[in-house]
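Peer 1: Pasting a structure below so you can have a look.
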Amino acid sequence: MMSVFAKEVLDNFRDRRVILNTLILGPLLGPVIFAVMISFMTQQATERMEAPLELPVIGAENAPALIGYLEREGVIIKDPPEDPEGAVRREEEEIVLRIPADFGSAWRAGQPAPLELIADQSLRYTGTTISRVRGYLNRYAGQISQARLQLRGVHPDITRPLQISVVDLSTPESRGGMLLAFLPYFIMITVFMGSMHMAIDTTAGERERRSLEPLLINPLPRWQIMAGKLLATTLFALLTLALGLVAFVVAMGFLPTADMDMALNLDFRVAALAFALVAPVALLAAALLTILASFAKSFREAQSYMGMVILVPMIPSFWIMIDPTRTETWMTLVPLLSQNVLILGLVRGEPLNMAWIGMSLASTTALALLLAAIAGTLYNRPKLIFTSD
Amino acid sequence: MIEVQGLRKTFNKGKVVAVDEVSFSARDGQITGLLGPNGAGKTTTLRMLYTLLNPDAGQMRIDGIDPAAEPLKVKRALGVVPDSRGLYDRLSARENIRYYGRLQGLDKATIDQRIERMAGVLDMHEFIDRKTNGFSQGQRVKVAIARALIHEPRTVLLDEPTNGLDVMTTRALRGFLQQLKREGRCVVLSTHIMQEVAALCDRIVIIAKGRVVAEGTADELLRRSGRDNLEDAFVQLIGSDEGLLA
């Protein structure tokens with residue numbers, strides 16, 4: 001069994017393409033891309049918030065007091081484009097403020113004075129600008145309404161029957177956890193991707209190059225040959241997992257978390273715990289993919305099966321992302337789902353629940369061993385051995 | 001020494017009878033040829049002998065061991081070069097052979113020593129440390145034979161060993177099989193090529209449509225068929241020339 005293991009590891013380490021893909025690109029690319037993306041997005045958002053706001057205004061002469069207020073607040077008032085609607089549609093301007101000619105008369109009559117904001121709200125990048133403009137206008141309206149009430153001898157508080165304040169108990173760690181919500185998904189994918197090539201090469205690949213039949217003529221129980229292959233695949237999955245986690249810890253260190261008012265609870269201690277939690281998944285993935293690949297006659301056929309199986313680890317991750325719910329005990333008994341919820345708890349900095357961790361490890365290991373046992377019987381079927389029959 | 005009695009194997013739930021009541025024996029110090037057209041059941045018979053298929057009925061003994069009862073023991077006693085001769089392209093010829101040595105449970109010193117000797121006998125020194133990627137058919141067969149015989153088995157089974165080989169390599173292979181015979185081993189090979197059997201085999205077992213139609217030395221077969229050359233005798237015995245030219 002160990003001979004099979006040693007040979008498969010040596011054989012696959014010889015393949016530079018495999019090493020590059022599974023051990024380097026696979027685990028490293030994700031974290032790097034993610035870190036760059038998040039940094040870029042945060043930077044963009046801050047820039048948008050802090051950059052001086054340029055606002056094209058039509059009919060500025062209709063409301064000189066409002067324009068004066070905006071200028072005092074630091075808004076740069078621009079001349080309007082000739083065709084404001086068209087300019088917004090062509091994305092030349094994010095927003096245009098139109099002050100109609102009847103603004104003055106309505107204002108003086110004490111009626112709501114009309115203002116138009118011309119914008120395309122389906123363009124996501126304009127959201128910040130629109131809300132900034134609305135913010136200025138609302139504050140202006142607030143000041144005016146207070147002044148009007150006071151002028152009539154009414155205390156402005158009369159219009160504020162409620163005073164709401166939210167006591168935010170979220171911590172920088174838990175806010176960081178929101179950012180890391182995708183982490184379980186990434187980890188699961190890494191494990192499955194890491195074991196994929198090896199699972200195919202040791203089974204379908206062996207059949208394709210017609211070396212399986214001679215291999216099985218050696219005096220070893222067939223389950224031992226399979227076990228050696230499975231071990232090698234599991235080792236690859238674990239290596240990919242470890243590298244991926246390390247890459248993540250390092251990459252997240254580059255994020256401007258302080259600017260985002262977050263703290264990422266993702267140091268090497270958390271990574272080690274995550275590794276331990278996901279380790280049984282490595283065997284599970286290896287066994288599942290090996291079983292599937294064993295039924296394929298060629299590398300290509302096996303790869304087409306894999307495309308579908310790779311969706312399996314995504315299901316629980318996506319479910320948690322789309323419909324975030326409280327962790328319940330039953331969840332920790334479901335392999336793949338349990339890792340998802342427990343890793344999320346981990347990165348939110350919640351205290352460890354040893355019982356949950358134990359249940360997750362036990363249930364996942366049990367399923368993994370069951371699949372491995374099934375894999376071990378596969379080479380008793382002549383159909384899976386011979387290349388042509 | 002191989003003894004086979006009433007061997008039967010069907011596929012597709014009994015609809016296809018691949019091997020039907022096959023009986024023959026192969027002695028030590030002799031080369032026995034299983035001769036028959038393609039699809040006659042030669043490969044299936046061999047696969048039952050080396051335990052990758054289970055017979056539906058019949059008895060097999062290899063040096064007195066029952067493959068069905070003691071598969072691992074039989075596998076240690078056998079050296080098999082099956083029809084599939086895939087090598088690991090990323091490993092050198094030496095590593096390919098060493099892997100099988102380990103699987104046979106041999107220690108490192110024995111493996112190294114035997115690889116050296118085999119490389120000499122099969123003339124492999126030139127390419128023994130190259131990766132097998134890009135090897136010629138002849139080189140591949142040599143590696144496949146070396147790895148199959150690393151544990152020096154007493155009984156050697158070869159399925160169509162000269163398939164795809166050029167004339168020179170075929171000659172060298174025949175010489176090697178003669179040497180195995182002189183060492184007192186029991187050599188069984190399957191083939192559909194008449195000349196091979198005539199040139200090599202002490203005993204011939206003719207198989208057609210899953211049945212043994214004749215068994216004996218070349219001379220005995222000629223006498224039984226009443227023909228004066230082996231090819232005519234073969235056609236006469238299997239009852240048609242179907243599959244002969246394939």
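Simple scheme: letters A, B, ... for chains in structure tokens order, numbers from 1 for residues in each chain, numbers from 1 for ligands in the order shown.
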Please list as a ChimeraX atom specification every residue within 6 Å of stretch 48-55 of chain A, counting only C-alpha atoms and excluding residues in the same chain fewer than 3 positions away.

Peer 2: /A:45,75-78

Peer 1: Show me which bits of chain A are within 6 Å of chain B, counting only C-alpha atoms, as JSON, numbers by chain.

Peer 2: {"A": [209, 210, 211, 219]}

Peer 1: Given the selection you just returned, output its residues as a file containing C-alpha atoms, formatted as a short mmCIF file (atom, residue, chain, number, x, y, z; two decimals), in the first residue's frame.

Peer 2:
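After the write, again.cif holds the following:
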data_model
loop_
_atom_site.label_atom_id
_atom_site.label_comp_id
_atom_site.auth_asym_id
_atom_site.auth_seq_id
_atom_site.Cartn_x
_atom_site.Cartn_y
_atom_site.Cartn_z
CA ARG A 209 -2.62 4.36 -20.38
CA ARG A 210 -3.45 0.67 -20.00
CA SER A 211 -1.39 0.19 -16.87
CA PRO A 219 0.14 -9.77 -5.24
#

Peer 1: Once DSSP has gone over the backbone, tell me which residues of stretch 3-96 of chain B are in strand (DSSP E or B), as JSON, numbers by chain.

Peer 2: {"B": [3, 4, 5, 6, 7, 8, 9, 10, 11, 16, 17, 18, 19, 20, 21, 22, 23, 24, 25, 26, 31, 32, 33, 34, 35, 57, 58, 59, 60, 61, 62, 65, 78, 79, 80, 81, 92]}

Peer 1: Need to verify the contact set: A:Glu92, 12 Å, only C-alpha atoms, exclusion of same-chain residues closer than 3 positions in sequence. Can you return it as a count of residues only?

Peer 2: 16

Peer 1: Neighbouring residues of A:Val334 were defined as those with any atom within 8 Å, considering only C-alpha atoms; residues of the same chain fewer than 6 positions away were excluded. Please report them as a list of chain:residue names.

Peer 2: A:Ser360, A:Ser363, A:Thr364

Peer 1: Only N, CA and C atoms, please: the residues just picked out, written as an mmCIF file, in the first residue's frame.

Peer 2:
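Output contents, as saved in out-v9.cif:
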data_model
loop_
_atom_site.group_PDB
_atom_site.id
_atom_site.type_symbol
_atom_site.label_atom_id
_atom_site.label_comp_id
_atom_site.auth_asym_id
_atom_site.auth_seq_id
_atom_site.Cartn_x
_atom_site.Cartn_y
_atom_site.Cartn_z
ATOM 1 N N SER A 360 -18.791 17.687 13.881
ATOM 2 C CA SER A 360 -18.443 17.924 12.487
ATOM 3 C C SER A 360 -17.329 16.972 12.052
ATOM 4 N N SER A 363 -18.772 13.270 11.952
ATOM 5 C CA SER A 363 -19.699 12.927 10.872
ATOM 6 C C SER A 363 -18.987 12.951 9.524
ATOM 7 N N THR A 364 -18.103 13.937 9.344
ATOM 8 C CA THR A 364 -17.401 14.028 8.059
ATOM 9 C C THR A 364 -16.461 12.848 7.873
#

Peer 1: Taking the chain letters and numbering used in this document, name the residues of stretch 32-89 of chain A that DSSP puts in helix (DSSP H, G or I), as a ChimeraX atom specification.

Peer 2: /A:32-50,60-62,64-72,84-89

Peer 1: So, with only C-alpha atoms as the atoms that count, which of A:Gly228, A:Gly59, A:Pro161, A:Gly177 lies closest to A:Gly104?

Peer 2: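 The answer is A:Gly59, which sits nearest to A:Gly104.
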
Peer 1: Could you tell me which of A:Leu25, A:Ile343, A:Ile225, A:Val281 comes closest to A:Ser195 if we count only C-alpha atoms?

Peer 2: A:Val281

Peer 1: Tell me which protein, DNA and RNA residues are within 12 Å of stretch 210-224 of chain B, counting only C-alpha atoms, leaving out same-chain ones fewer than 4 positions away, and put them as an MDAnalysis selection string.

Peer 2: chainID B and resid 4:10 16:26 30:45 194:206 228:239
